[in-house]
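Undergrad: Below you will find the structure I want to go over with you.
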There are 2 protein chains.
Amino acid sequence: MNATVRDVARRAGVSAMTVSRVINGGAGVSPETRRRVERAVTELDFVPNGVARGLMSSKSGTLGLIVPDISNPFFSILVRGAETVARRAGYRVLLCNSEGDLALEKQYVQDMIAHRAEGLIIAPVGDRSKANLVPLERRKFPLVLIDRSVSGLECDLVQADSVAGAKMLASHLLSIGHRRIAVIIEPDNVSTARERLQGYNAALKAAGVKSSPSLIVRTTADRAGGHAAMQQILQQDPRPTAVFAVNNMTALGAMQAIREHGLVVPKDMALVCFDDVEHLAVLSPFLTVVNQPTEMFGTLAAQLVLERIAGGPAGPSRHVILNSDLLVRESCGAKLMATSPAF
Amino acid sequence: MNATVRDVARRAGVSAMTVSRVINGGAGVSPETRRRVERAVTELDFVPNGVARGLMSSKSGTLGLIVPDISNPFFSILVRGAETVARRAGYRVLLCNSEGDLALEKQYVQDMIAHRAEGLIIAPVGDRSKANLVPLERRKFPLVLIDRSVSGLECDLVQADSVAGAKMLASHLLSIGHRRIAVIIEPDNVSTARERLQGYNAALKAAGVKSSPSLIVRTTADRAGGHAAMQQILQQDPRPTAVFAVNNMTALGAMQAIREHGLVVPKDMALVCFDDVEHLAVLSPFLTVVNQPTEMFGTLAAQLVLERIAGGPAGPSRHVILNSDLLVRESCGAKLMATSPAF
DNA sequence: GAGCGTCATGCGAACGATCGCCTAAGCTTG
DNA sequence: CAAGCTTAGGCGATCGTTCGCATGACGCTC
């Protein structure tokens, strides 16, 4: 169904080699022959087979991109950034949703090896992703982690300063009077969870507030997880006055639970989280968040992986730590405080 | 760097053919030989080269997915649906952002042909995408359009009933008293724009309200477009009392412009649009929208393209028309009306 | 006019896995 | 024990492109 170089060659009365030279703009072809070949290419609607080319050159022109959930705006914006950089460099992007599932992640990674992707950008499920990633390390496969590091795996990495971000968030809550601040967070085998909790604890300590284990609720970093965790928090006595959610999706789930409980944010319960939801912020700047430079996560990761592809596997691994900002809006109750000091 | 069947064969003391038989679970290999081969595979960390396999079998195992903007939640949710279905069927997804740019779209389509993707799901830029897509049609390339049709191109299609949806939206605005309803919409060479405008006009006609060309503002379907269009609308005299935005992103841009103008939705200006922003709706159910079954767009499109791949290019093209619902929330002013009949 | 460089082009192999076909050994069977 | 069948496994070709090398024609130079 698809014409090959040989078909074109036959039609143009030349050899396959000459056709190859023409389509690759190579020198050493007379103008006359070139024209004949070009006509044959057009007539047969010939498009060189990228798979065969890939086999010859050992270059697939493909990058893998594995994220837990593409529908999370944090990741969809990140993906856009990465895709744009990759495309400009002539690379295609294979998108994978790991759904936070280690087995699925493993399958995707193996697929990258099998199909000879030239590099991989991955937001790993957690520390246990290490087993999935060592085959890549062994092959010196260009690999860039985003958002989360993997304990015991040394490789390129783009992340934000989670400790500092969490400290800002918690300090802010403390500064406006909150003392019982619950945390909705993932298990400790996720690096960002560890770091954010560390920042939270540091802020509490600095303020001389004692932390309590019962305020730390572990869950999955999605809406369902946030919802379940919040339900649990709402039953505590005394009830916390503020909640620090590990990311935007958990915050949304928490918000839902709070509303279902007939309570109002921030009057009855303050709510802050990591990761802005940009589209949402445009419509109503409500959530107080630590905003990470989302798109830059993607563009930087793509640049790193492309450099690694171009420069070979040698060279020390690079860690890019991005700054994030505290955006104080309504959900923390700061504005409420300002108007009703009797809180 | 990567072992081949021949390397494994040498180490196991067999031929490449036998290795191939083992890794494909084929019969005709003695248990003893099989074990030897399996050990060699493990020792060499051999992973069969998918590119070479693809060349032999003419099956790349890849689907293309082209959308205008992956960071638009409508598309990111759709992509998740499509990716999930594709993966379960053993396919990988090549994600492309056309950015609404015809030239870029063309490049992506050609890339699909070159790399022998087995099928393509695309939300086309507009009617002018036809030139980009005819090469696919000529090759009987499995192709499914989503969201928008392309005038003059007959192929599989998944879309919502835009006419009915727009009619619901406009009728609702009319029913609560609005008479000057502006429309922010794309040029007429986008099928959904045509259809939504048609629904709007039908609703006006049914209500005996005359439509005015000056109320129709053409723009691009993104935030910047919505913002610019809204600025224009806000200068009209008499000022419209409601705005119908062609999709969620334009609505966000419009919202921004309205707020910058010191006005409040819905008190000073009602605002409705197509496509819910799910995450946003959880946080604060504010926008009145026509909600399309977003994820289903993706899953159905993937199913159609997979069927087309499995069943061959024959068979009539199928058009799936999904229903959408009107979600009346606050931004239309319905609740406002209820409490202040003097509007 | 012999030697040499340049240019356009072709030949055969290679990338890595697999498919069709073949062979050789072992076993059954009458 | 010879014919026939089953089983394990190898050989060579193939997918479509490109690479290294060879070749033949032409023109230039001393």
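Chain identifiers are assigned as A, B, and so on, following the order in which chains appear in the structure tokens; residues are numbered from 1 within each chain, and ligands are numbered from 1 in order of appearance.
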With the cut-off set at 12 Å and counting only C-alpha atoms (C1' of nucleotides), tabulate each residue of chain A with an atom at most that distance from an atom of chain D, showing the nearest atom pair and its distance in Å to one decimal, ordered by chain and increasing number, as a tab-separated table.
TA:
residue	atom	partner	partner_atom	distance
A:Asn2	CA	D:DG16	C1'	10.7
A:Ala3	CA	D:DG16	C1'	9.9
A:Thr4	CA	D:DG16	C1'	6.7
A:Val5	CA	D:DG16	C1'	7.4
A:Arg6	CA	D:DG16	C1'	8.7
A:Asp7	CA	D:DG16	C1'	10.9
A:Ala16	CA	D:DT17	C1'	9.0
A:Met17	CA	D:DT18	C1'	7.8
A:Thr18	CA	D:DT18	C1'	10.7
A:Val19	CA	D:DT17	C1'	10.3
A:Ser20	CA	D:DT18	C1'	7.5
A:Arg21	CA	D:DT18	C1'	9.2
A:Ile23	CA	D:DT17	C1'	11.3
A:Asn24	CA	D:DT18	C1'	10.3
A:Gly26	CA	D:DT18	C1'	12.0
A:Val47	CA	D:DG16	C1'	11.2
A:Pro48	CA	D:DT17	C1'	8.1
A:Asn49	CA	D:DG16	C1'	6.6
A:Gly50	CA	D:DT17	C1'	8.8
A:Val51	CA	D:DG16	C1'	8.2
A:Ala52	CA	D:DG16	C1'	5.2
A:Arg53	CA	D:DT17	C1'	5.4
A:Gly54	CA	D:DT17	C1'	8.8
A:Leu55	CA	D:DT17	C1'	8.4
A:Met56	CA	D:DT17	C1'	6.7
A:Ser57	CA	D:DT18	C1'	8.2
A:Ser58	CA	D:DT18	C1'	11.7
Undergrad: Restrict the selected residues to C-alpha atoms and save them as a short mmCIF file (atom, residue, chain, number, x, y, z; two decimals), in the first residue's frame.
TA:
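That gives us part-v5.cif:
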data_model
loop_
_atom_site.label_atom_id
_atom_site.label_comp_id
_atom_site.auth_asym_id
_atom_site.auth_seq_id
_atom_site.Cartn_x
_atom_site.Cartn_y
_atom_site.Cartn_z
CA ASN A 2 2.90 2.36 0.73
CA ALA A 3 5.54 2.98 -1.89
CA THR A 4 9.15 2.19 -1.03
CA VAL A 5 12.45 3.64 -2.20
CA ARG A 6 12.69 0.77 -4.64
CA ASP A 7 9.31 1.56 -6.20
CA ALA A 16 17.37 2.95 -4.54
CA MET A 17 20.56 4.59 -3.36
CA THR A 18 19.98 7.57 -5.58
CA VAL A 19 16.44 7.97 -4.30
CA SER A 20 17.77 7.93 -0.78
CA ARG A 21 20.28 10.59 -1.71
CA ILE A 23 15.18 12.60 -0.28
CA ASN A 24 17.96 13.31 2.14
CA GLY A 26 22.40 14.70 -0.25
CA VAL A 47 6.89 8.92 2.33
CA PRO A 48 10.10 7.35 3.68
CA ASN A 49 9.41 4.74 6.31
CA GLY A 50 10.52 6.15 9.63
CA VAL A 51 10.56 2.72 11.22
CA ALA A 52 13.11 1.40 8.74
CA ARG A 53 15.12 4.56 9.12
CA GLY A 54 15.01 4.15 12.85
CA LEU A 55 16.28 0.63 12.54
CA MET A 56 19.24 1.71 10.42
CA SER A 57 20.15 4.72 12.48
CA SER A 58 19.22 3.39 15.92
#
Undergrad: Quick one: which chain A residues come within 8 Å of chain B, and what is the nearest atom pair for each with the distance in Å to one decimal, counting only C-alpha atoms, rows ordered by chain and ascending number, as a Markdown table?
TA:
| residue | atom | partner | partner_atom | distance |
| --- | --- | --- | --- | --- |
| A:Met1 | CA | B:Arg139 | CA | 7.4 |
| A:Asn2 | CA | B:Arg139 | CA | 7.8 |
| A:Val47 | CA | B:Ala114 | CA | 5.9 |
| A:Pro48 | CA | B:Ala114 | CA | 6.0 |
| A:Asn49 | CA | B:Ala114 | CA | 5.3 |
| A:Gly50 | CA | B:His115 | CA | 4.5 |
| A:Val51 | CA | B:His115 | CA | 5.7 |
| A:Ala52 | CA | B:Leu55 | CA | 6.1 |
| A:Gly54 | CA | B:Val51 | CA | 7.0 |
| A:Leu55 | CA | B:Ala52 | CA | 6.1 |
| A:Ser60 | CA | B:Val51 | CA | 7.9 |
| A:Asp69 | CA | B:Arg80 | CA | 7.7 |
| A:Ile70 | CA | B:Ser76 | CA | 6.1 |
| A:Ser71 | CA | B:Ser76 | CA | 4.9 |
| A:Pro73 | CA | B:Ser71 | CA | 6.7 |
| A:Ser76 | CA | B:Ser71 | CA | 4.9 |
| A:Ile77 | CA | B:Ser71 | CA | 5.0 |
| A:Val79 | CA | B:Ile70 | CA | 7.7 |
| A:Arg80 | CA | B:Ile70 | CA | 6.2 |
| A:Glu83 | CA | B:Cys96 | CA | 7.3 |
| A:Thr84 | CA | B:Asn97 | CA | 7.7 |
| A:Arg92 | CA | B:Leu94 | CA | 7.0 |
| A:Val93 | CA | B:Leu94 | CA | 5.7 |
| A:Leu94 | CA | B:Leu94 | CA | 4.6 |
| A:Leu95 | CA | B:Val93 | CA | 5.9 |
| A:Cys96 | CA | B:Glu83 | CA | 7.3 |
| A:Asn97 | CA | B:Arg80 | CA | 7.4 |
| A:Ile113 | CA | B:Val47 | CA | 7.2 |
| A:Ala114 | CA | B:Gly50 | CA | 5.1 |
| A:His115 | CA | B:Gly50 | CA | 4.5 |
| A:Arg116 | CA | B:Asn49 | CA | 7.1 |
| A:Arg139 | CA | B:Met1 | CA | 7.4 |
| A:Leu252 | CA | B:Leu283 | CA | 6.0 |
| A:Gly253 | CA | B:Val282 | CA | 8.0 |
| A:Met255 | CA | B:Leu283 | CA | 6.4 |
| A:Gln256 | CA | B:Val282 | CA | 6.5 |
| A:His279 | CA | B:Leu252 | CA | 7.2 |
| A:Leu280 | CA | B:Leu280 | CA | 5.5 |
| A:Val282 | CA | B:Gln256 | CA | 6.5 |
| A:Leu283 | CA | B:Leu252 | CA | 6.0 |
Undergrad: Print the selection's residues with N, CA and C atoms to a file, as a short mmCIF file (atom, residue, chain, number, x, y, z; two decimals), in the first residue's frame.
TA:
data_model
loop_
_atom_site.label_atom_id
_atom_site.label_comp_id
_atom_site.auth_asym_id
_atom_site.auth_seq_id
_atom_site.Cartn_x
_atom_site.Cartn_y
_atom_site.Cartn_z
N MET A 1 0.85 -1.21 0.00
CA MET A 1 0.00 0.00 0.00
C MET A 1 0.89 1.27 0.00
N ASN A 2 2.00 1.21 0.71
CA ASN A 2 2.90 2.36 0.73
C ASN A 2 4.09 2.13 -0.19
N VAL A 47 6.44 8.36 1.06
CA VAL A 47 6.89 8.92 2.33
C VAL A 47 7.86 7.90 2.93
N PRO A 48 9.10 8.29 3.15
CA PRO A 48 10.10 7.35 3.68
C PRO A 48 9.62 6.72 4.98
N ASN A 49 9.85 5.47 5.14
CA ASN A 49 9.41 4.74 6.31
C ASN A 49 10.32 5.03 7.51
N GLY A 50 9.75 5.75 8.46
CA GLY A 50 10.52 6.15 9.63
C GLY A 50 10.96 4.97 10.47
N VAL A 51 10.20 3.89 10.43
CA VAL A 51 10.56 2.72 11.22
C VAL A 51 11.85 2.11 10.67
N ALA A 52 11.91 1.97 9.36
CA ALA A 52 13.11 1.40 8.74
C ALA A 52 14.31 2.33 8.98
N GLY A 54 14.66 4.28 11.45
CA GLY A 54 15.01 4.15 12.85
C GLY A 54 15.85 2.91 13.09
N LEU A 55 15.52 1.86 12.37
CA LEU A 55 16.28 0.63 12.54
C LEU A 55 17.73 0.83 12.09
N SER A 60 15.13 6.53 17.22
CA SER A 60 13.68 6.45 17.03
C SER A 60 13.05 7.83 16.94
N ASP A 69 -1.08 11.28 36.12
CA ASP A 69 -2.44 11.59 35.66
C ASP A 69 -2.43 12.83 34.78
N ILE A 70 -2.60 12.61 33.50
CA ILE A 70 -2.54 13.72 32.56
C ILE A 70 -3.69 14.71 32.76
N SER A 71 -4.76 14.28 33.39
CA SER A 71 -5.89 15.21 33.53
C SER A 71 -5.69 16.16 34.71
N PRO A 73 -4.20 19.27 36.08
CA PRO A 73 -3.66 20.42 35.34
C PRO A 73 -2.17 20.63 35.56
N SER A 76 -0.77 18.35 32.97
CA SER A 76 -1.10 18.64 31.57
C SER A 76 -0.35 19.88 31.10
N ILE A 77 -0.13 20.81 32.00
CA ILE A 77 0.65 21.99 31.62
C ILE A 77 2.12 21.62 31.45
N VAL A 79 3.22 18.73 30.60
CA VAL A 79 3.32 17.95 29.36
C VAL A 79 3.38 18.87 28.15
N ARG A 80 2.57 19.90 28.18
CA ARG A 80 2.60 20.83 27.05
C ARG A 80 3.99 21.44 26.89
N GLU A 83 6.37 18.79 25.53
CA GLU A 83 6.08 18.44 24.13
C GLU A 83 6.59 19.52 23.20
N THR A 84 6.39 20.76 23.58
CA THR A 84 6.81 21.87 22.73
C THR A 84 8.32 21.85 22.51
N ARG A 92 9.33 13.25 18.90
CA ARG A 92 7.94 12.95 19.19
C ARG A 92 7.83 12.55 20.65
N VAL A 93 6.62 12.69 21.21
CA VAL A 93 6.43 12.34 22.62
C VAL A 93 5.41 11.22 22.77
N LEU A 94 5.84 10.19 23.46
CA LEU A 94 4.97 9.07 23.78
C LEU A 94 4.42 9.33 25.17
N LEU A 95 3.12 9.54 25.28
CA LEU A 95 2.56 9.91 26.57
C LEU A 95 1.99 8.71 27.31
N CYS A 96 2.31 8.61 28.58
CA CYS A 96 1.83 7.48 29.37
C CYS A 96 1.26 7.98 30.70
N ASN A 97 0.16 7.40 31.11
CA ASN A 97 -0.48 7.67 32.39
C ASN A 97 -0.21 6.52 33.33
N ILE A 113 12.05 0.87 26.60
CA ILE A 113 13.27 0.15 26.23
C ILE A 113 13.03 -0.62 24.94
N ALA A 114 11.94 -1.34 24.91
CA ALA A 114 11.65 -2.19 23.75
C ALA A 114 11.55 -1.35 22.48
N HIS A 115 10.88 -0.23 22.56
CA HIS A 115 10.70 0.57 21.36
C HIS A 115 11.81 1.59 21.15
N ARG A 116 12.83 1.46 21.96
CA ARG A 116 14.03 2.28 21.79
C ARG A 116 13.73 3.77 21.79
N ARG A 139 21.33 0.62 31.47
CA ARG A 139 21.53 0.86 30.04
C ARG A 139 22.02 2.27 29.76
N LEU A 252 -8.89 19.70 46.19
CA LEU A 252 -10.24 19.71 45.63
C LEU A 252 -11.12 18.67 46.32
N GLY A 253 -10.55 17.49 46.55
CA GLY A 253 -11.31 16.46 47.24
C GLY A 253 -11.67 16.90 48.65
N MET A 255 -11.98 19.97 49.70
CA MET A 255 -12.99 21.03 49.56
C MET A 255 -14.39 20.42 49.45
N GLN A 256 -14.46 19.39 48.64
CA GLN A 256 -15.73 18.72 48.43
C GLN A 256 -16.27 18.15 49.75
N HIS A 279 -6.26 27.70 35.60
CA HIS A 279 -7.54 28.06 34.99
C HIS A 279 -8.54 28.48 36.04
N LEU A 280 -8.43 27.79 37.13
CA LEU A 280 -9.33 28.03 38.23
C LEU A 280 -9.06 29.39 38.85
N VAL A 282 -8.00 31.95 37.45
CA VAL A 282 -8.51 33.04 36.61
C VAL A 282 -9.96 33.32 36.93
N LEU A 283 -10.70 32.24 37.08
CA LEU A 283 -12.13 32.39 37.30
C LEU A 283 -12.42 32.99 38.66
#
Undergrad: Fewer than 4 positions away in the same chain doesn't count, so skip those; otherwise give me all residues within 12 Å of range 224-227 of chain B, counting only C-alpha atoms (C1' of nucleotides), as a PyMOL selection string.
TA: (chain A and resi 282) or (chain B and resi 183-187+217-220+231-234+243-261+271+273)
Undergrad: Go ahead and save the picked residues with C-alpha atoms, as a tab-separated table (two decimals), in the first residue's frame.
TA:
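This went into result-v4.tsv:
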chain	number	residue	atom	x	y	z
A	282	VAL	CA	-8.51	33.04	36.61
B	183	VAL	CA	-21.48	35.48	21.31
B	184	ILE	CA	-17.73	34.90	21.45
B	185	ILE	CA	-16.98	32.40	18.75
B	186	GLU	CA	-14.46	31.15	16.25
B	187	PRO	CA	-14.56	31.83	12.52
B	217	VAL	CA	-17.57	38.49	17.92
B	218	ARG	CA	-15.10	36.25	16.12
B	219	THR	CA	-11.89	35.17	17.76
B	220	THR	CA	-9.64	32.23	18.58
B	231	GLN	CA	-13.08	43.81	25.80
B	232	GLN	CA	-14.72	44.55	22.49
B	233	ILE	CA	-18.13	43.52	23.76
B	234	LEU	CA	-17.81	45.66	26.86
B	243	VAL	CA	-22.29	36.49	26.88
B	244	PHE	CA	-22.23	33.06	25.32
B	245	ALA	CA	-18.66	31.80	25.00
B	246	VAL	CA	-17.84	29.07	22.53
B	247	ASN	CA	-15.83	27.06	25.04
B	248	ASN	CA	-14.38	27.02	28.53
B	249	MET	CA	-11.11	28.77	27.71
B	250	THR	CA	-12.78	31.70	25.98
B	251	ALA	CA	-15.11	31.96	28.96
B	252	LEU	CA	-12.14	32.22	31.30
B	253	GLY	CA	-10.63	34.96	29.18
B	254	ALA	CA	-13.95	36.75	29.08
B	255	MET	CA	-14.29	36.45	32.83
B	256	GLN	CA	-10.90	38.02	33.26
B	257	ALA	CA	-11.82	40.94	31.03
B	258	ILE	CA	-15.09	41.45	32.83
B	259	ARG	CA	-13.36	41.56	36.16
B	260	GLU	CA	-10.68	43.91	34.87
B	261	HIS	CA	-13.50	46.18	33.81
B	271	LEU	CA	-21.65	34.41	31.25
B	273	CYS	CA	-20.20	28.56	27.82
Undergrad: Report the closest atom pair, with its distance in Å rounded to one decimal, for each residue of chain C that has an atom no farther than 7 Å from chain B; count only C-alpha atoms (C1' of nucleotides), sort by chain and then rising residue number, and write it as CSV.
TA:
residue,atom,partner,partner_atom,distance
C:DG16,C1',B:Ala52,CA,5.2
C:DA17,C1',B:Arg53,CA,5.4
C:DT18,C1',B:Met56,CA,6.8
Undergrad: Can you pull out the residues contacting Gly208 in chain B? Cut-off 12 Å, using only C-alpha atoms (C1' of nucleotides), and skip same-chain residues under 4 positions away; I want them as an MDAnalysis selection string.
TA: chainID B and resid 171 174:175 179 201:204
Undergrad: Taking only range 156-198 of chain B into account, list the residues labelled alpha helix (DSSP H) by DSSP (computed from the backbone), as a VMD selection string.
TA: chain B and resid 162 to 175 191 to 198
Undergrad: Keeping only C-alpha atoms, write the selected residues to a file as a CSV table (one decimal), in the first residue's frame.
TA:
chain,number,residue,atom,x,y,z
B,162,SER,CA,-23.6,21.4,19.3
B,163,VAL,CA,-26.7,22.8,17.8
B,164,ALA,CA,-28.9,21.4,20.6
B,165,GLY,CA,-26.4,22.4,23.2
B,166,ALA,CA,-26.2,26.0,22.0
B,167,LYS,CA,-29.9,26.1,21.8
B,168,MET,CA,-30.2,25.0,25.4
B,169,LEU,CA,-27.7,27.6,26.5
B,170,ALA,CA,-29.3,30.5,24.6
B,171,SER,CA,-32.8,29.5,25.4
B,172,HIS,CA,-31.9,29.4,29.1
B,173,LEU,CA,-30.5,33.0,28.9
B,174,LEU,CA,-33.6,34.1,27.0
B,175,SER,CA,-35.9,32.4,29.5
B,191,SER,CA,-17.7,23.2,12.4
B,192,THR,CA,-18.6,23.6,16.1
B,193,ALA,CA,-18.6,27.3,15.7
B,194,ARG,CA,-21.1,27.0,12.8
B,195,GLU,CA,-23.3,24.7,14.7
B,196,ARG,CA,-23.2,26.5,18.0
B,197,LEU,CA,-24.1,29.8,16.2
B,198,GLN,CA,-26.8,28.0,14.4
Undergrad: Just to confirm, what's the straight-line distance from CA of Leu143 in chain B to CA of Asp188 in chain B in Å (one decimal)?
TA: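 These atoms are spaced 23.3 Å apart.
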